[in-house]
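For reference, start.json is printed below; it contains JSON, C-alpha atoms.
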[["chain", "number", "residue", "atom", "x", "y", "z"],
["A", 1, "MET", "CA", 95.72, 110.07, 79.78],
["A", 2, "GLU", "CA", 93.40, 111.07, 76.94],
["A", 3, "GLN", "CA", 90.14, 109.11, 76.89],
["A", 4, "THR", "CA", 90.26, 107.41, 73.47],
["A", 5, "LYS", "CA", 87.41, 105.53, 71.85],
["A", 6, "GLU", "CA", 89.13, 102.23, 72.67],
["A", 7, "ILE", "CA", 89.41, 103.12, 76.36],
["A", 8, "ALA", "CA", 85.79, 104.28, 76.45],
["A", 9, "ALA", "CA", 84.72, 100.99, 74.84],
["A", 10, "LEU", "CA", 86.75, 98.97, 77.37],
["A", 11, "PHE", "CA", 85.30, 100.95, 80.28],
["A", 12, "ASN", "CA", 81.79, 100.24, 79.01],
["A", 13, "LEU", "CA", 82.52, 96.51, 79.33],
["A", 14, "ILE", "CA", 83.81, 96.61, 82.91],
["A", 15, "ASP", "CA", 80.40, 95.67, 84.30],
["A", 16, "ASP", "CA", 79.87, 92.85, 81.79],
["A", 17, "PRO", "CA", 78.53, 89.82, 83.71],
["A", 18, "ASP", "CA", 80.55, 87.41, 81.56],
["A", 19, "GLU", "CA", 83.78, 86.71, 83.48],
["A", 20, "GLU", "CA", 85.60, 85.75, 80.30],
["A", 21, "VAL", "CA", 84.74, 89.10, 78.72],
["A", 22, "PHE", "CA", 85.80, 90.95, 81.88],
["A", 23, "GLY", "CA", 89.07, 88.98, 81.94],
["A", 24, "ALA", "CA", 89.90, 90.08, 78.38],
["A", 25, "VAL", "CA", 88.92, 93.67, 79.15],
["A", 26, "SER", "CA", 91.05, 93.67, 82.32],
["A", 27, "HIS", "CA", 94.09, 92.42, 80.43],
["A", 28, "LYS", "CA", 93.82, 95.24, 77.88],
["A", 29, "ILE", "CA", 93.26, 97.93, 80.52],
["A", 30, "VAL", "CA", 96.17, 96.78, 82.69],
["A", 31, "ALA", "CA", 98.43, 96.80, 79.61],
["A", 32, "TYR", "CA", 98.10, 100.62, 79.48],
["A", 33, "GLY", "CA", 100.12, 100.85, 82.69],
["A", 34, "ARG", "CA", 100.10, 103.59, 85.33],
["A", 35, "LYS", "CA", 99.02, 106.30, 82.93],
["A", 36, "ILE", "CA", 95.48, 104.90, 82.86],
["A", 37, "ILE", "CA", 94.99, 105.08, 86.64],
["A", 38, "PRO", "CA", 93.57, 108.67, 86.66],
["A", 39, "ASN", "CA", 90.98, 107.54, 84.08],
["A", 40, "LEU", "CA", 90.04, 104.57, 86.25],
["A", 41, "GLU", "CA", 89.80, 106.77, 89.34],
["A", 42, "HIS", "CA", 87.50, 109.18, 87.51],
["A", 43, "LEU", "CA", 85.38, 106.25, 86.32],
["A", 44, "TRP", "CA", 85.14, 104.97, 89.91],
["A", 45, "GLU", "CA", 83.94, 108.39, 91.11],
["A", 46, "THR", "CA", 81.24, 108.58, 88.43],
["A", 47, "THR", "CA", 80.04, 104.96, 88.67],
["A", 48, "PRO", "CA", 77.10, 104.43, 91.05],
["A", 49, "ASP", "CA", 77.16, 100.62, 90.85],
["A", 50, "GLU", "CA", 79.05, 99.10, 93.80],
["A", 51, "GLU", "CA", 80.00, 95.89, 91.98],
["A", 52, "ALA", "CA", 81.44, 97.89, 89.09],
["A", 53, "GLN", "CA", 83.35, 100.03, 91.59],
["A", 54, "ASN", "CA", 84.84, 96.88, 93.12],
["A", 55, "ARG", "CA", 86.00, 95.78, 89.67],
["A", 56, "ILE", "CA", 87.56, 99.20, 89.03],
["A", 57, "GLU", "CA", 89.39, 99.04, 92.37],
["A", 58, "LEU", "CA", 90.71, 95.62, 91.42],
["A", 59, "LEU", "CA", 91.89, 96.95, 88.05],
["A", 60, "ILE", "CA", 93.75, 99.83, 89.73],
["A", 61, "HIS", "CA", 95.38, 97.31, 92.07],
["A", 62, "GLN", "CA", 96.38, 95.09, 89.14],
["A", 63, "VAL", "CA", 98.03, 98.03, 87.36],
["A", 64, "HIS", "CA", 100.00, 98.90, 90.51],
["A", 65, "PHE", "CA", 100.95, 95.26, 91.07],
["A", 66, "THR", "CA", 102.24, 94.89, 87.49],
["A", 67, "ASP", "CA", 104.44, 97.97, 87.97],
["A", 68, "LEU", "CA", 105.63, 96.78, 91.38],
["A", 69, "SER", "CA", 106.54, 93.36, 89.97],
["A", 70, "GLU", "CA", 108.80, 95.05, 87.43],
["A", 71, "ASP", "CA", 110.36, 97.22, 90.16],
["A", 72, "PHE", "CA", 111.13, 94.09, 92.22],
["A", 73, "ARG", "CA", 112.53, 92.33, 89.18],
["A", 74, "GLN", "CA", 114.88, 95.26, 88.52],
["A", 75, "TRP", "CA", 115.89, 95.40, 92.22],
["A", 76, "SER", "CA", 116.62, 91.68, 92.16],
["A", 77, "LEU", "CA", 118.84, 92.06, 89.07],
["A", 78, "ALA", "CA", 120.76, 95.03, 90.49],
["A", 79, "GLY", "CA", 124.35, 94.56, 91.56],
["A", 80, "HIS", "CA", 123.71, 95.97, 95.03],
["A", 81, "HIS", "CA", 120.47, 95.08, 96.79],
["A", 82, "ASP", "CA", 119.83, 98.17, 98.90],
["A", 83, "LEU", "CA", 117.81, 97.06, 101.93],
["A", 84, "THR", "CA", 116.02, 100.40, 102.31],
["A", 85, "VAL", "CA", 114.85, 100.32, 98.68],
["A", 86, "GLY", "CA", 113.67, 96.72, 99.01],
["A", 87, "ALA", "CA", 111.74, 97.45, 102.22],
["A", 88, "LEU", "CA", 110.06, 100.51, 100.68],
["A", 89, "LEU", "CA", 109.08, 98.49, 97.61],
["A", 90, "ALA", "CA", 107.37, 96.04, 99.99],
["A", 91, "SER", "CA", 105.52, 99.00, 101.55],
["A", 92, "LYS", "CA", 104.31, 100.02, 98.09],
["A", 93, "PHE", "CA", 102.37, 96.79, 97.78],
["A", 94, "GLN", "CA", 99.88, 98.18, 100.29],
["A", 95, "TYR", "CA", 100.55, 101.89, 99.67],
["A", 96, "PRO", "CA", 101.28, 102.21, 95.92],
["A", 97, "GLU", "CA", 101.39, 106.01, 95.97],
["A", 98, "LEU", "CA", 103.90, 106.10, 98.84],
["A", 99, "SER", "CA", 106.55, 108.79, 98.71],
["A", 100, "SER", "CA", 109.77, 107.58, 100.30],
["A", 101, "ALA", "CA", 111.14, 111.05, 101.13],
["A", 102, "ALA", "CA", 109.82, 111.26, 104.72],
["A", 103, "THR", "CA", 111.06, 107.76, 105.57],
["A", 104, "LEU", "CA", 114.52, 108.40, 104.11],
["A", 105, "LEU", "CA", 114.76, 111.66, 106.05],
["A", 106, "GLU", "CA", 113.95, 109.94, 109.36],
["A", 107, "VAL", "CA", 116.43, 107.14, 108.66],
["A", 108, "GLU", "CA", 119.12, 109.73, 107.94],
["A", 109, "LYS", "CA", 118.34, 111.57, 111.22],
["A", 110, "LEU", "CA", 118.70, 108.31, 113.12],
["A", 111, "ARG", "CA", 121.93, 107.46, 111.31],
["A", 112, "ARG", "CA", 123.41, 110.87, 112.13],
["A", 113, "ASN", "CA", 122.38, 110.72, 115.81],
["A", 114, "ILE", "CA", 124.05, 107.33, 116.18],
["A", 115, "TRP", "CA", 127.13, 108.33, 114.17],
["A", 116, "LEU", "CA", 127.74, 111.34, 116.46],
["A", 117, "GLU", "CA", 128.05, 108.96, 119.44],
["A", 118, "LEU", "CA", 130.35, 106.42, 117.79],
["A", 119, "ASN", "CA", 134.16, 106.38, 117.76],
["A", 120, "ASN", "CA", 136.92, 103.97, 116.74],
["A", 121, "TYR", "CA", 137.71, 102.91, 120.30],
["A", 122, "LEU", "CA", 134.39, 101.33, 121.21],
["A", 123, "THR", "CA", 134.02, 97.60, 121.74],
["A", 124, "PRO", "CA", 131.36, 95.74, 119.69],
["A", 125, "LEU", "CA", 129.05, 95.68, 122.72],
["A", 126, "GLU", "CA", 129.53, 99.41, 123.32],
["A", 127, "GLN", "CA", 128.70, 100.12, 119.66],
["A", 128, "ILE", "CA", 125.47, 98.16, 119.90],
["A", 129, "ARG", "CA", 124.52, 99.81, 123.19],
["A", 130, "ILE", "CA", 124.73, 103.16, 121.40],
["A", 131, "VAL", "CA", 122.63, 101.97, 118.43],
["A", 132, "THR", "CA", 120.06, 100.42, 120.77],
["A", 133, "GLY", "CA", 120.08, 103.41, 123.14],
["A", 134, "ILE", "CA", 119.36, 105.88, 120.33],
["A", 135, "LEU", "CA", 116.83, 103.70, 118.49],
["A", 136, "TYR", "CA", 114.83, 102.28, 121.40],
["A", 137, "GLY", "CA", 115.59, 104.89, 124.08],
["A", 138, "TYR", "CA", 115.97, 108.35, 122.54],
["A", 139, "TYR", "CA", 113.87, 107.66, 119.41],
["A", 140, "GLY", "CA", 111.34, 105.52, 121.31],
["A", 141, "LEU", "CA", 110.99, 102.53, 118.99],
["A", 142, "LYS", "CA", 108.73, 99.87, 120.52],
["A", 143, "GLY", "CA", 108.42, 96.18, 119.75],
["A", 144, "ALA", "CA", 105.11, 94.46, 119.07],
["A", 145, "ASP", "CA", 104.36, 90.75, 119.35],
["A", 146, "LEU", "CA", 104.34, 88.99, 116.00],
["A", 147, "SER", "CA", 100.78, 89.10, 114.68],
["A", 148, "TYR", "CA", 99.33, 88.84, 111.21],
["A", 149, "ALA", "CA", 96.27, 90.94, 112.05],
["A", 150, "ASP", "CA", 97.75, 94.15, 110.60],
["A", 151, "VAL", "CA", 100.12, 94.24, 107.63],
["A", 152, "ASN", "CA", 101.27, 97.73, 108.72],
["A", 153, "ASP", "CA", 103.39, 96.09, 111.44],
["A", 154, "PHE", "CA", 105.67, 94.80, 108.65],
["A", 155, "LEU", "CA", 106.04, 98.04, 106.68],
["A", 156, "LEU", "CA", 109.14, 100.22, 107.13],
["A", 157, "HIS", "CA", 107.40, 103.56, 106.59],
["A", 158, "LYS", "CA", 104.66, 102.64, 109.08],
["A", 159, "VAL", "CA", 107.27, 101.59, 111.66],
["A", 160, "ILE", "CA", 108.88, 105.03, 111.23],
["A", 161, "GLU", "CA", 105.48, 106.77, 111.52],
["A", 162, "SER", "CA", 104.23, 104.85, 114.57],
["A", 163, "LYS", "CA", 107.62, 104.03, 116.16],
["A", 164, "LYS", "CA", 106.37, 100.49, 116.61],
["A", 165, "GLY", "CA", 107.09, 97.31, 114.67],
["A", 166, "ASN", "CA", 107.45, 93.58, 115.05],
["A", 167, "GLN", "CA", 110.66, 91.55, 115.11],
["A", 168, "THR", "CA", 111.00, 91.56, 111.32],
["A", 169, "SER", "CA", 110.30, 95.24, 110.62],
["A", 170, "ASN", "CA", 112.27, 96.53, 113.61],
["A", 171, "GLY", "CA", 115.07, 94.18, 112.56],
["A", 172, "ILE", "CA", 115.13, 95.58, 109.03],
["A", 173, "LEU", "CA", 115.35, 99.14, 110.38],
["A", 174, "TYR", "CA", 118.19, 98.06, 112.71],
["A", 175, "LEU", "CA", 120.02, 96.41, 109.81],
["A", 176, "ILE", "CA", 119.60, 99.47, 107.58],
["A", 177, "LEU", "CA", 121.20, 101.69, 110.23],
["A", 178, "CYS", "CA", 124.05, 99.26, 110.86],
["A", 179, "GLU", "CA", 124.70, 98.97, 107.13],
["A", 180, "LEU", "CA", 124.84, 102.76, 106.79],
["A", 181, "LEU", "CA", 127.24, 102.96, 109.75],
["A", 182, "ASP", "CA", 129.48, 100.03, 108.68],
["A", 183, "ILE", "CA", 128.64, 98.08, 111.84],
["A", 184, "PRO", "CA", 128.94, 94.33, 111.04],
["A", 185, "VAL", "CA", 125.45, 93.26, 112.15],
["A", 186, "LYS", "CA", 123.66, 90.72, 109.95],
["A", 187, "ALA", "CA", 120.39, 88.79, 110.09],
["A", 188, "ILE", "CA", 120.75, 85.02, 110.49],
["A", 189, "GLY", "CA", 118.33, 82.20, 109.66],
["A", 190, "VAL", "CA", 117.25, 81.01, 113.10],
["A", 191, "PRO", "CA", 113.97, 79.04, 112.74],
["A", 192, "LYS", "CA", 110.78, 80.98, 113.58],
["A", 193, "GLN", "CA", 112.76, 84.06, 114.62],
["A", 194, "PHE", "CA", 114.34, 87.12, 113.02],
["A", 195, "VAL", "CA", 117.62, 87.32, 114.90],
["A", 196, "LEU", "CA", 120.53, 89.70, 114.34],
["A", 197, "ALA", "CA", 124.16, 88.78, 114.99],
["A", 198, "TYR", "CA", 127.27, 90.91, 115.44],
["A", 199, "PHE", "CA", 130.04, 89.37, 113.31],
["A", 200, "ARG", "CA", 133.70, 89.93, 114.06],
["A", 201, "PRO", "CA", 135.35, 92.30, 111.55],
["A", 202, "GLY", "CA", 136.85, 90.52, 108.57],
["A", 203, "TYR", "CA", 134.11, 87.92, 108.32],
["A", 204, "SER", "CA", 133.44, 86.80, 104.75],
["A", 205, "SER", "CA", 130.08, 85.43, 103.62],
["A", 206, "GLU", "CA", 132.08, 83.01, 101.45],
["A", 207, "GLU", "CA", 133.32, 81.16, 104.51],
["A", 208, "ASP", "CA", 132.02, 77.68, 105.30],
["A", 209, "SER", "CA", 128.68, 77.97, 107.11],
["A", 210, "ASP", "CA", 129.88, 75.70, 109.94],
["A", 211, "ARG", "CA", 132.47, 78.34, 110.84],
["A", 212, "SER", "CA", 129.94, 81.19, 110.96],
["A", 213, "ILE", "CA", 129.04, 80.62, 114.60],
["A", 214, "ASN", "CA", 132.70, 81.11, 115.56],
["A", 215, "ARG", "CA", 132.66, 84.55, 113.94],
["A", 216, "ILE", "CA", 129.67, 85.80, 115.97],
["A", 217, "GLU", "CA", 130.29, 87.93, 119.07],
["A", 218, "PHE", "CA", 126.68, 88.02, 120.30],
["A", 219, "TYR", "CA", 123.07, 88.24, 119.15],
["A", 220, "ILE", "CA", 120.41, 90.96, 119.18],
["A", 221, "ASP", "CA", 116.64, 90.61, 119.51],
["A", 222, "PRO", "CA", 115.36, 93.47, 117.29],
["A", 223, "THR", "CA", 111.98, 93.54, 119.03],
["A", 224, "THR", "CA", 113.61, 95.30, 121.98],
["A", 225, "GLY", "CA", 117.30, 95.63, 121.07],
["A", 226, "GLN", "CA", 118.23, 93.23, 123.88],
["A", 227, "VAL", "CA", 121.59, 91.46, 123.50],
["A", 228, "PHE", "CA", 121.91, 87.73, 124.21],
["A", 229, "THR", "CA", 124.60, 85.05, 124.08],
["A", 230, "HIS", "CA", 125.45, 81.77, 122.34],
["A", 231, "LYS", "CA", 124.23, 79.97, 125.45],
["A", 232, "ASP", "CA", 120.83, 81.70, 125.24],
["A", 233, "LEU", "CA", 120.47, 80.67, 121.61],
["A", 234, "GLU", "CA", 121.50, 77.09, 122.38],
["A", 235, "SER", "CA", 118.68, 76.98, 124.97],
["A", 236, "TYR", "CA", 116.22, 78.15, 122.30],
["A", 237, "PHE", "CA", 117.30, 75.39, 119.89],
["A", 238, "LYS", "CA", 116.84, 72.82, 122.66],
["A", 239, "ARG", "CA", 113.39, 74.19, 123.43],
["A", 240, "ILE", "CA", 112.22, 73.83, 119.83],
["A", 241, "SER", "CA", 114.01, 70.47, 119.44],
["A", 242, "VAL", "CA", 116.04, 71.57, 116.41],
["A", 243, "PRO", "CA", 119.78, 70.81, 116.08],
["A", 244, "PRO", "CA", 121.70, 74.13, 115.71],
["A", 245, "THR", "CA", 123.45, 73.38, 112.41],
["A", 246, "GLY", "CA", 125.90, 75.85, 110.84],
["A", 247, "ALA", "CA", 123.48, 76.98, 108.14],
["A", 248, "TYR", "CA", 121.33, 78.75, 110.75],
["A", 249, "PHE", "CA", 124.25, 81.04, 111.62],
["A", 250, "ARG", "CA", 125.15, 82.17, 108.13],
["A", 251, "PRO", "CA", 124.21, 85.81, 107.31],
["A", 252, "LEU", "CA", 121.11, 86.28, 105.20],
["A", 253, "SER", "CA", 121.51, 88.32, 102.02],
["A", 254, "ASN", "CA", 119.41, 91.46, 101.58],
["A", 255, "LYS", "CA", 117.47, 89.65, 98.87],
["A", 256, "ARG", "CA", 116.63, 86.85, 101.27],
["A", 257, "ILE", "CA", 115.61, 89.34, 103.98],
["A", 258, "ILE", "CA", 113.14, 91.09, 101.65],
["A", 259, "GLN", "CA", 111.91, 87.71, 100.41],
["A", 260, "HIS", "CA", 111.28, 86.73, 104.04],
["A", 261, "LEU", "CA", 109.47, 90.05, 104.62],
["A", 262, "LEU", "CA", 107.14, 89.42, 101.65],
["A", 263, "GLU", "CA", 106.45, 85.86, 102.81],
["A", 264, "GLU", "CA", 105.58, 87.11, 106.30],
["A", 265, "MET", "CA", 103.36, 89.89, 104.89],
["A", 266, "SER", "CA", 101.45, 87.31, 102.84],
["A", 267, "LYS", "CA", 100.24, 85.67, 106.06],
["A", 268, "CYS", "CA", 98.20, 88.81, 106.78],
["A", 269, "PHE", "CA", 95.87, 87.95, 103.90],
["A", 270, "GLU", "CA", 94.41, 84.56, 104.81],
["A", 271, "GLU", "CA", 90.76, 85.58, 104.43],
["A", 272, "GLU", "CA", 89.12, 84.49, 101.20],
["A", 273, "LYS", "CA", 88.21, 88.00, 100.04],
["A", 274, "VAL", "CA", 91.86, 89.13, 100.17],
["A", 275, "ALA", "CA", 93.51, 85.81, 99.33],
["A", 276, "TYR", "CA", 94.57, 87.26, 95.96],
["A", 277, "LYS", "CA", 96.93, 89.57, 97.86],
["A", 278, "GLN", "CA", 98.57, 86.60, 99.55],
["A", 279, "GLU", "CA", 99.12, 85.01, 96.16],
["A", 280, "GLU", "CA", 100.59, 88.25, 94.77],
["A", 281, "LEU", "CA", 103.00, 88.70, 97.67],
["A", 282, "LEU", "CA", 104.25, 85.15, 97.22],
["A", 283, "LYS", "CA", 104.72, 85.87, 93.49],
["A", 284, "LEU", "CA", 106.85, 88.89, 94.41],
["A", 285, "ALA", "CA", 108.85, 86.75, 96.85],
["A", 286, "ASN", "CA", 109.45, 84.17, 94.11],
["A", 287, "LEU", "CA", 110.88, 86.90, 91.86],
["A", 288, "LEU", "CA", 113.77, 87.15, 94.32],
["A", 289, "ASP", "CA", 114.83, 83.49, 94.05]]
Could you express the structure from this file as structure tokens?
Amino acid sequence: MEQTKEIAALFNLIDDPDEEVFGAVSHKIVAYGRKIIPNLEHLWETTPDEEAQNRIELLIHQVHFTDLSEDFRQWSLAGHHDLTVGALLASKFQYPELSSAATLLEVEKLRRNIWLELNNYLTPLEQIRIVTGILYGYYGLKGADLSYADVNDFLLHKVIESKKGNQTSNGILYLILCELLDIPVKAIGVPKQFVLAYFRPGYSSEEDSDRSINRIEFYIDPTTGQVFTHKDLESYFKRISVPPTGAYFRPLSNKRIIQHLLEEMSKCFEEEKVAYKQEELLKLANLLD
């Protein structure tokens, strides 16, 4: 945008040592929105002082975060919470200039490859074997152990690029494909896990949660695509000493899935110098309540 006298005056105060002055300046700069980012980037390139550059970087981040917060608010208020859109918004926290075109194209290729193998006569297990065979076999998706060392492990577009994700990010990709293909696979709220379940056709999310378990055919570990049974899950609940109440078997909404993703991403920013990112991610998650 055009460099007005007001903007020039604000930029001159970016390196002011008084934190209160800088706070007021920041508020006014961020209020300009995305259109001021090119000006800030030019200022960063022409500023030799490292501390001032750090402040400019923070200002650019704050502008992006303000925009992203509004995008999440609008997504939360929408009638249909598209899981792909929600996951890509989460990616934009770390990659604000991300273009979603390449990711959407790859998801569509995967959907089409799976769709070509499906027919109306397959059993639920045969359907899932096709999804898993294409995604983990033909496509080559790999599962990584859950770690908070690298936020990229949680980001949909990075999972597509690297063909590697953790239980949460692989699970979201699996859910997106099943949703596009009308396969009744949902995430459920098993403690400390991101587990997928194949629900019998006709299941309604309005049903009593205690009946949910009776509607589930089997479970899927999205790290590898491996299928497991009720008995396997019962063994897990015994191991963690948690009673398997009905609430754990109720499908999670897309809003709750993205909220969970944001909460998990926040754990990647425990260090003091990036703790502000943890706080911001939790703010975004709270917008989805």
Hey, can you check how far CA of Ile29 (chain A) sits from CA of Ser99 (chain A)?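 Atom-to-atom, CA of Ile29 (chain A) to CA of Ser99 (chain A), that is 25.0 Å.
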Original post:
Pick from A:Val227, A:Ala78, A:Ile37, A:Ile220: nearest to Gln62 (chain A), with all atoms listed in the file counted?
Top reply: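 Between A:Val227, A:Ala78, A:Ile37, A:Ile220, the residue approaching Gln62 (chain A) most closely is A:Ile37.
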- Task: Give the answer as one residue: which of A:Cys178, A:Asp150, A:Gly189, A:Leu288 has the shortest atom-to-atom distance to Lys267 (chain A), using all atoms listed in the file?
- Result: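 Smallest distance to Lys267 (chain A) is found for A:Asp150.
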Self-check item: Separation of CA of Leu252 (chain A) from CA of Lys186 (chain A), in Å and rounded to one decimal
Solution: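 So the two atoms, CA of Leu252 (chain A) and CA of Lys186 (chain A), lie 7.0 Å apart.
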CA of Phe199 (chain A) to CA of Ile183 (chain A) measures 8.9 Å
Among A:Ile36, A:Ala24, A:Leu177, A:Ile160, Ala101 (chain A) is approached most closely, using only C-alpha atoms, by A:Ile160
Tell me which protein, DNA and RNA residues are within 12 Å of Lys158 (chain A), counting all atoms listed in the file, leaving out same-chain ones fewer than 4 positions away, and put them as a PyMOL selection string.
-> chain A and resi 87-88+90-92+94-95+98+100+102-103+106+141+150-154+162-166+169-170+173
Report task. Excluding region 45-51 of chain A and any residue of its chain fewer than 3 positions from it, enumerate the residues within 12 Å of it, using all atoms listed in the file, and give them as a PyMOL selection string. Result -> chain A and resi 11-12+14-17+38-42+54-58
message: Just checking: using only C-alpha atoms, which residue out of A:Leu125, A:Tyr236, A:Ile172, A:Lys273 ends up closest to Glu217 (chain A)?
response: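 For Glu217 (chain A), the nearest of the given residues is A:Leu125.
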Name the residues in contact with Pro201 (chain A) at a cut-off of 12 Å, using only C-alpha atoms, excluding same-chain residues fewer than 3 positions from it; report them as a ChimeraX atom specification. /A:123-124,182-186,198,204-205,215-217
